[in-house]
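Coordinates from my_file_38.txt are shown below (compact mmCIF, C-alpha atoms and all ligand atoms).
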```
# COMPACT_ATOMS: atom_id res chain seq x y z
CA MET A 185 3.29 -19.23 5.74
CA LYS A 186 2.10 -16.26 7.82
CA ILE A 187 0.71 -13.37 5.79
CA ALA A 188 0.73 -9.73 6.92
CA ILE A 189 -2.06 -7.61 5.50
CA MET A 190 -1.79 -3.93 6.21
CA GLY A 191 -3.47 -0.65 5.39
CA ALA A 192 -2.84 2.83 6.74
CA MET A 193 -6.33 3.88 7.80
CA PRO A 194 -9.03 1.87 9.61
CA GLU A 195 -11.24 2.05 6.49
CA GLU A 196 -8.55 0.21 4.52
CA ILE A 197 -8.63 -2.90 6.72
CA THR A 198 -12.26 -2.97 7.95
CA PRO A 199 -13.46 -4.78 4.78
CA ILE A 200 -10.66 -7.35 5.27
CA LEU A 201 -11.66 -7.98 8.89
CA LYS A 202 -15.28 -8.41 7.72
CA ILE A 203 -14.26 -11.10 5.22
CA VAL A 204 -11.99 -12.87 7.72
CA GLY A 205 -14.77 -12.87 10.34
CA GLU A 206 -13.11 -14.13 13.51
CA TYR A 207 -9.85 -12.81 14.93
CA LYS A 208 -7.92 -12.21 18.12
CA THR A 209 -6.65 -8.69 18.89
CA THR A 210 -3.18 -8.03 20.32
CA GLU A 211 -1.81 -4.64 21.36
CA TYR A 212 1.82 -4.07 20.42
CA ALA A 213 3.94 -0.92 20.05
CA ASN A 214 0.95 1.44 20.34
CA ASN A 215 -1.07 -0.37 17.70
CA THR A 216 -3.71 -3.09 17.40
CA TYR A 217 -2.94 -6.28 15.48
CA TYR A 218 -5.69 -8.67 14.39
CA GLU A 219 -4.59 -12.32 14.20
CA ALA A 220 -6.76 -14.79 12.33
CA SER A 221 -6.66 -18.31 11.00
CA TYR A 222 -8.10 -17.99 7.49
CA LYS A 223 -8.69 -21.19 5.50
CA GLY A 224 -5.89 -22.83 7.51
CA THR A 225 -3.34 -20.01 7.07
CA GLU A 226 -2.33 -17.50 9.70
CA LEU A 227 -2.99 -13.83 8.91
CA VAL A 228 -1.90 -10.74 10.82
CA ILE A 229 -3.90 -7.65 9.89
CA ALA A 230 -3.32 -4.04 10.98
CA HIS A 231 -3.71 -0.42 9.97
CA SER A 232 -0.52 1.45 10.66
CA LYS A 233 -1.81 5.02 10.86
CA ILE A 234 -0.86 7.50 8.17
CA GLY A 235 2.63 8.12 6.80
CA LYS A 236 6.09 6.65 6.34
CA VAL A 237 7.09 6.45 10.01
CA PHE A 238 3.98 4.65 11.27
CA SER A 239 3.93 2.30 8.26
CA THR A 240 7.61 1.47 8.81
CA LEU A 241 6.87 0.60 12.45
CA THR A 242 3.89 -1.59 11.55
CA ALA A 243 5.61 -3.45 8.69
CA THR A 244 8.66 -4.09 10.88
CA SER A 245 6.48 -5.28 13.78
CA MET A 246 4.49 -7.64 11.54
CA ILE A 247 7.72 -9.23 10.31
CA GLN A 248 10.00 -9.13 13.35
CA HIS A 249 7.49 -9.51 16.19
CA PHE A 250 4.61 -11.46 14.61
CA GLY A 251 6.78 -13.55 12.24
CA CYS A 252 5.05 -12.76 8.94
CA ASP A 253 6.86 -13.99 5.83
CA LYS A 254 4.82 -12.23 3.14
CA LEU A 255 3.29 -8.75 3.25
CA LEU A 256 0.33 -7.40 1.29
CA PHE A 257 -0.68 -3.74 1.50
CA SER A 258 -4.21 -2.68 0.58
CA GLY A 259 -5.46 0.88 0.34
CA VAL A 260 -6.24 3.97 -1.71
CA ALA A 261 -4.03 6.35 -3.70
CA GLY A 262 -4.01 9.58 -5.60
CA GLY A 263 -3.90 8.94 -9.33
CA ILE A 264 -1.30 10.68 -11.48
CA ASN A 265 -1.44 8.77 -14.74
CA PRO A 266 -4.53 10.19 -16.50
CA SER A 267 -5.54 6.66 -17.51
CA LEU A 268 -6.29 5.92 -13.84
CA LYS A 269 -9.86 6.79 -12.88
CA ILE A 270 -11.55 6.76 -9.44
CA GLY A 271 -11.87 3.15 -8.23
CA ASP A 272 -9.24 1.77 -10.65
CA LEU A 273 -6.63 -0.58 -9.20
CA ILE A 274 -2.90 -0.05 -9.47
CA VAL A 275 -0.28 -2.62 -8.51
CA ALA A 276 3.16 -1.18 -7.73
CA THR A 277 6.03 -2.62 -9.76
CA LYS A 278 8.43 -0.38 -7.85
CA LEU A 279 8.17 2.41 -5.30
CA SER A 280 10.12 5.52 -4.38
CA GLN A 281 10.12 8.19 -1.66
CA HIS A 282 9.25 11.40 -3.51
CA ASP A 283 10.08 13.68 -0.56
CA LEU A 284 13.54 12.28 0.19
CA ASP A 285 15.76 15.17 -0.84
CA ILE A 286 19.53 15.50 -0.51
CA THR A 287 19.85 17.01 -3.98
CA ALA A 288 21.99 19.74 -2.35
CA PHE A 289 24.80 17.17 -2.45
CA GLY A 290 24.28 16.29 -6.11
CA HIS A 291 22.16 13.20 -5.53
CA PRO A 292 18.94 12.58 -7.45
CA MET A 293 15.58 13.00 -5.65
CA GLY A 294 14.65 9.90 -3.66
CA PHE A 295 18.24 8.74 -3.26
CA VAL A 296 20.39 8.47 -0.16
CA PRO A 297 23.80 6.76 -0.08
CA GLY A 298 23.34 3.08 0.76
CA GLY A 299 19.78 3.11 -0.56
CA SER A 300 18.24 3.19 -4.04
CA VAL A 301 15.71 5.49 -5.71
CA PHE A 302 13.31 2.59 -6.37
CA VAL A 303 12.52 -0.64 -4.53
CA GLU A 304 10.97 -3.36 -6.69
CA THR A 305 8.02 -5.49 -5.55
CA ASP A 306 7.80 -9.29 -5.72
CA LYS A 307 7.15 -10.60 -9.24
CA GLU A 308 5.40 -13.79 -8.08
CA LEU A 309 2.84 -11.76 -6.14
CA ILE A 310 2.31 -9.53 -9.18
CA ASN A 311 1.67 -12.67 -11.26
CA ILE A 312 -0.90 -13.85 -8.70
CA ALA A 313 -2.59 -10.44 -8.98
CA LYS A 314 -2.69 -10.83 -12.77
CA ASP A 315 -4.29 -14.28 -12.42
CA VAL A 316 -6.91 -12.90 -10.02
CA ALA A 317 -7.63 -9.96 -12.34
CA LYS A 318 -8.10 -12.35 -15.26
CA GLU A 319 -10.46 -14.59 -13.28
CA LEU A 320 -12.51 -11.59 -12.13
CA GLY A 321 -12.46 -9.96 -15.58
CA LYS A 322 -10.95 -6.85 -13.98
CA THR A 323 -8.24 -4.53 -15.27
CA VAL A 324 -5.35 -3.96 -12.89
CA GLN A 325 -2.73 -1.48 -14.04
CA GLU A 326 0.92 -2.03 -13.12
CA GLY A 327 2.97 1.08 -12.43
CA ILE A 328 5.29 3.16 -10.32
CA ILE A 329 4.05 4.44 -6.96
CA ALA A 330 5.67 7.44 -5.26
CA THR A 331 5.39 7.80 -1.49
CA GLY A 332 5.82 10.89 0.68
CA ASP A 333 4.67 12.39 3.94
CA GLN A 334 2.09 14.70 2.40
CA PHE A 335 -1.44 14.50 1.07
CA VAL A 336 -0.84 15.89 -2.41
CA HIS A 337 -3.51 18.32 -3.61
CA ASP A 338 -1.59 20.42 -6.09
CA SER A 339 -0.93 19.81 -9.80
CA LYS A 340 2.52 21.41 -9.56
CA VAL A 341 3.61 18.91 -6.87
CA LYS A 342 2.14 16.12 -8.99
CA ASP A 343 4.07 17.30 -12.06
CA ALA A 344 7.34 17.35 -10.09
CA ILE A 345 6.72 13.76 -8.94
CA VAL A 346 6.13 12.69 -12.55
CA LYS A 347 9.30 14.47 -13.66
CA ASN A 348 11.44 12.94 -10.90
CA PHE A 349 9.99 9.41 -10.72
CA ASN A 350 7.70 8.88 -13.74
CA ALA A 351 5.13 7.79 -11.14
CA ASP A 352 1.60 6.65 -11.98
CA ALA A 353 0.13 7.08 -8.49
CA LEU A 354 1.10 8.50 -5.14
CA GLU A 355 0.38 7.77 -1.52
CA MET A 356 1.99 8.02 1.93
CA GLU A 357 3.11 4.52 3.02
CA GLY A 358 4.10 2.10 0.24
CA GLY A 359 7.68 3.31 -0.26
CA SER A 360 8.58 2.89 3.41
CA VAL A 361 6.94 -0.55 3.62
CA ALA A 362 8.96 -1.49 0.52
CA VAL A 363 12.25 -0.47 2.15
CA VAL A 364 11.46 -2.57 5.26
CA CYS A 365 10.41 -5.69 3.32
CA ASP A 366 13.34 -5.44 0.92
CA ALA A 367 15.84 -5.14 3.81
CA LEU A 368 14.26 -8.08 5.67
CA ASN A 369 13.88 -10.25 2.52
CA VAL A 370 10.11 -10.50 2.82
CA PRO A 371 8.19 -10.66 -0.49
CA PHE A 372 5.71 -7.79 -0.59
CA PHE A 373 2.91 -6.42 -2.71
CA ILE A 374 1.32 -2.96 -2.75
CA LEU A 375 -2.20 -2.55 -4.14
CA ARG A 376 -4.10 0.72 -4.28
CA ALA A 377 -7.47 1.81 -5.65
CA ILE A 378 -7.69 5.42 -6.79
CA SER A 379 -9.62 7.79 -4.48
CA ASP A 380 -8.64 11.16 -6.04
CA THR A 381 -6.31 12.68 -8.60
CA ALA A 382 -4.10 14.65 -6.20
CA ASP A 383 -5.09 18.09 -7.50
CA THR A 384 -6.98 21.01 -5.96
CA ASP A 385 -10.20 19.07 -5.31
CA ALA A 386 -8.35 15.99 -3.98
CA SER A 387 -9.61 16.24 -0.40
CA PHE A 388 -13.25 16.40 -1.58
CA SER A 389 -12.78 13.47 -3.95
CA PHE A 390 -10.95 11.57 -1.18
CA ASP A 391 -13.82 12.12 1.29
CA GLU A 392 -16.34 10.95 -1.31
CA PHE A 393 -14.53 7.90 -2.68
CA MET A 394 -12.04 6.73 -0.04
CA GLU A 395 -14.38 4.15 1.49
CA SER A 396 -15.62 2.64 -1.78
CA SER A 397 -12.10 2.52 -3.25
CA ALA A 398 -10.73 0.94 -0.04
CA ILE A 399 -13.35 -1.82 -0.39
CA ILE A 400 -12.37 -2.43 -4.04
CA SER A 401 -8.73 -2.85 -3.02
CA ALA A 402 -9.48 -4.98 0.08
CA GLU A 403 -11.75 -7.37 -1.82
CA PHE A 404 -9.09 -7.86 -4.49
CA ILE A 405 -6.40 -8.50 -1.86
CA MET A 406 -8.56 -11.19 -0.25
CA LYS A 407 -8.97 -12.91 -3.65
CA MET A 408 -5.17 -12.96 -3.78
CA VAL A 409 -5.05 -14.41 -0.26
CA ASP A 410 -7.49 -17.12 -1.42
CA LYS A 411 -5.00 -18.06 -4.17
CA LEU A 412 -2.02 -17.95 -1.81
CA VAL A 413 -3.66 -20.30 0.72
CA GLU A 414 -5.05 -22.73 -1.93
O1 LIG B 1 -2.92 7.21 4.29
C1 LIG B 1 -2.95 8.42 3.58
C2 LIG B 1 -2.39 8.20 2.21
N1 LIG B 1 -3.52 7.60 1.52
C3 LIG B 1 -3.37 7.49 0.05
C4 LIG B 1 -3.74 8.72 -0.72
C5 LIG B 1 -2.94 9.84 -0.92
N2 LIG B 1 -1.71 10.16 -0.46
C6 LIG B 1 -1.18 11.35 -0.83
N3 LIG B 1 -1.85 12.25 -1.60
C7 LIG B 1 -3.06 11.94 -2.10
N4 LIG B 1 -3.70 12.82 -2.90
C8 LIG B 1 -3.64 10.70 -1.75
N5 LIG B 1 -4.83 10.12 -2.05
C9 LIG B 1 -4.89 8.91 -1.42
C10 LIG B 1 -4.71 8.18 2.03
C11 LIG B 1 -4.36 8.88 3.32
C12 LIG B 1 -4.44 10.37 3.10
S1 LIG B 1 -4.42 11.35 4.55
C13 LIG B 1 -6.10 11.26 4.97
C14 LIG B 1 -6.44 11.93 6.30
C15 LIG B 1 -7.88 11.72 6.55
C16 LIG B 1 -8.35 12.09 7.93
N6 LIG B 1 -7.87 13.06 8.68
N7 LIG B 1 -8.57 13.12 9.79
N8 LIG B 1 -9.47 12.19 9.74
C17 LIG B 1 -9.39 11.53 8.60
C18 LIG B 1 -10.47 11.97 10.82
C19 LIG B 1 -9.80 11.51 12.08
C20 LIG B 1 -9.60 12.40 13.10
C21 LIG B 1 -8.97 11.98 14.28
C22 LIG B 1 -8.53 10.66 14.41
C23 LIG B 1 -8.73 9.77 13.37
C24 LIG B 1 -9.37 10.17 12.19
```
Just give me the structure of the file as structure tokens.
Ligand code: OS5
Amino acid sequence: MKIAIMGAMPEEITPILKIVGEYKTTEYANNTYYEASYKGTELVIAHSKIGKVFSTLTATSMIQHFGCDKLLFSGVAGGINPSLKIGDLIVATKLSQHDLDITAFGHPMGFVPGGSVFVETDKELINIAKDVAKELGKTVQEGIIATGDQFVHDSKVKDAIVKNFNADALEMEGGSVAVVCDALNVPFFILRAISDTADTDASFSFDEFMESSAIISAEFIMKMVDKLVE
């Protein structure tokens, strides 16, 4: 087993690198990959940079170039479901691309021929997350995550995403990582801790809480890694 752990921003993987301790760095395709042996299992850790294109490149590289056979994503998200508060964890059951729009041809938002509106995540990894949550006495909400190439800071945009995808949270990378892993038959898992609620004050909330929420998500992911390598 070789596990890929990715985030989008440096802050999303720094806490993971701290826990792992020792690693080797490799430059590949304009990015840095951190390879570690953790409790006898090989890990490849990287932050992709922001958005669907960079996250697609990193997920593909981790699988095709580094040989990873499971992928875990850790990071922050904008909350849509009002039950999600800053710092709360959400596990994606399925993901969509909220900005993929060929509705002009009668297709629903998020759909292109040959694709599907939603990509489902691996159920075994979700079960491991539930076990970890139980052991830690933490609540982890399962839900739909919508991905697009924009930092959402507008209630109207949020409302449209709810209408089109019934999403609980939104971010900028999970949906593209899901498409890559699904196509390459690699079980994957997307975890996010809420940093803002994607409305007018989202950028302020993001600046204030991004680092603490990223740590919450990263520490949970590493508890899952502990279970996977047991
Ligand atoms: O990776 C992006 C998506 N993340 C999840 C997220 C989100 N996505 C969409 N809408 C929301 N309301 C969301 N809330 C959380 C977070 C991240 C958002 S984009 C953050 C950009 C932050 C930034 N920009 N410049 N810097 C930081 C400093 C900098 C400057 C130069 C080079 C490197 C960093």
Near-Tyr222 in chain A list (12 Å; all atoms listed in the file; drop same-chain fewer than 2 positions) as an mmCIF file with C-alpha atoms, keeping the file's coordinate frame:
```
data_model
loop_
_atom_site.group_PDB
_atom_site.id
_atom_site.type_symbol
_atom_site.label_atom_id
_atom_site.label_comp_id
_atom_site.auth_asym_id
_atom_site.auth_seq_id
_atom_site.Cartn_x
_atom_site.Cartn_y
_atom_site.Cartn_z
ATOM 1 C CA MET A 185 3.290 -19.230 5.740
ATOM 2 C CA LYS A 186 2.100 -16.260 7.820
ATOM 3 C CA ILE A 187 0.710 -13.370 5.790
ATOM 4 C CA ILE A 200 -10.660 -7.350 5.270
ATOM 5 C CA LEU A 201 -11.660 -7.980 8.890
ATOM 6 C CA LYS A 202 -15.280 -8.410 7.720
ATOM 7 C CA ILE A 203 -14.260 -11.100 5.220
ATOM 8 C CA VAL A 204 -11.990 -12.870 7.720
ATOM 9 C CA GLY A 205 -14.770 -12.870 10.340
ATOM 10 C CA GLU A 206 -13.110 -14.130 13.510
ATOM 11 C CA TYR A 207 -9.850 -12.810 14.930
ATOM 12 C CA TYR A 218 -5.690 -8.670 14.390
ATOM 13 C CA GLU A 219 -4.590 -12.320 14.200
ATOM 14 C CA ALA A 220 -6.760 -14.790 12.330
ATOM 15 C CA GLY A 224 -5.890 -22.830 7.510
ATOM 16 C CA THR A 225 -3.340 -20.010 7.070
ATOM 17 C CA GLU A 226 -2.330 -17.500 9.700
ATOM 18 C CA LEU A 227 -2.990 -13.830 8.910
ATOM 19 C CA VAL A 228 -1.900 -10.740 10.820
ATOM 20 C CA ILE A 229 -3.900 -7.650 9.890
ATOM 21 C CA MET A 406 -8.560 -11.190 -0.250
ATOM 22 C CA VAL A 409 -5.050 -14.410 -0.260
ATOM 23 C CA ASP A 410 -7.490 -17.120 -1.420
ATOM 24 C CA LEU A 412 -2.020 -17.950 -1.810
ATOM 25 C CA VAL A 413 -3.660 -20.300 0.720
ATOM 26 C CA GLU A 414 -5.050 -22.730 -1.930
#
```
Practice problem: Write out as a ChimeraX atom specification which residues come within 9 Å of Lys236 in chain A when counting all atoms listed in the file, dropping same-chain ones fewer than 5 positions away. | Solution: /A:241,331-333,356-361
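Residue neighbourhood of Ile345 in chain A, excluding near-sequence residues (fewer than 3 positions): Ile264, His282, Ala330, Lys340, Val341, Lys342, Asn348, Phe349, Asn350, Ala351 and Leu354 of chain A, at 9 Å, using all atoms listed in the file.
Counting all atoms listed in the file, the residue from A:Met408, A:Met190, A:Ile378, A:Ala243 that sits nearest to Met394 in chain A is A:Ile378.
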Once 5 Å is added on each side, what are the centre and the three edge lengths, in Å to one decimal, of the axis-aligned box enclosing the listed atoms of ligand LIG 1 (chain B)? Present them as JSON.
```
{"center_x": -5.8, "center_y": 10.2, "center_z": 5.8, "size_x": 19.3, "size_y": 15.9, "size_z": 27.3}
```
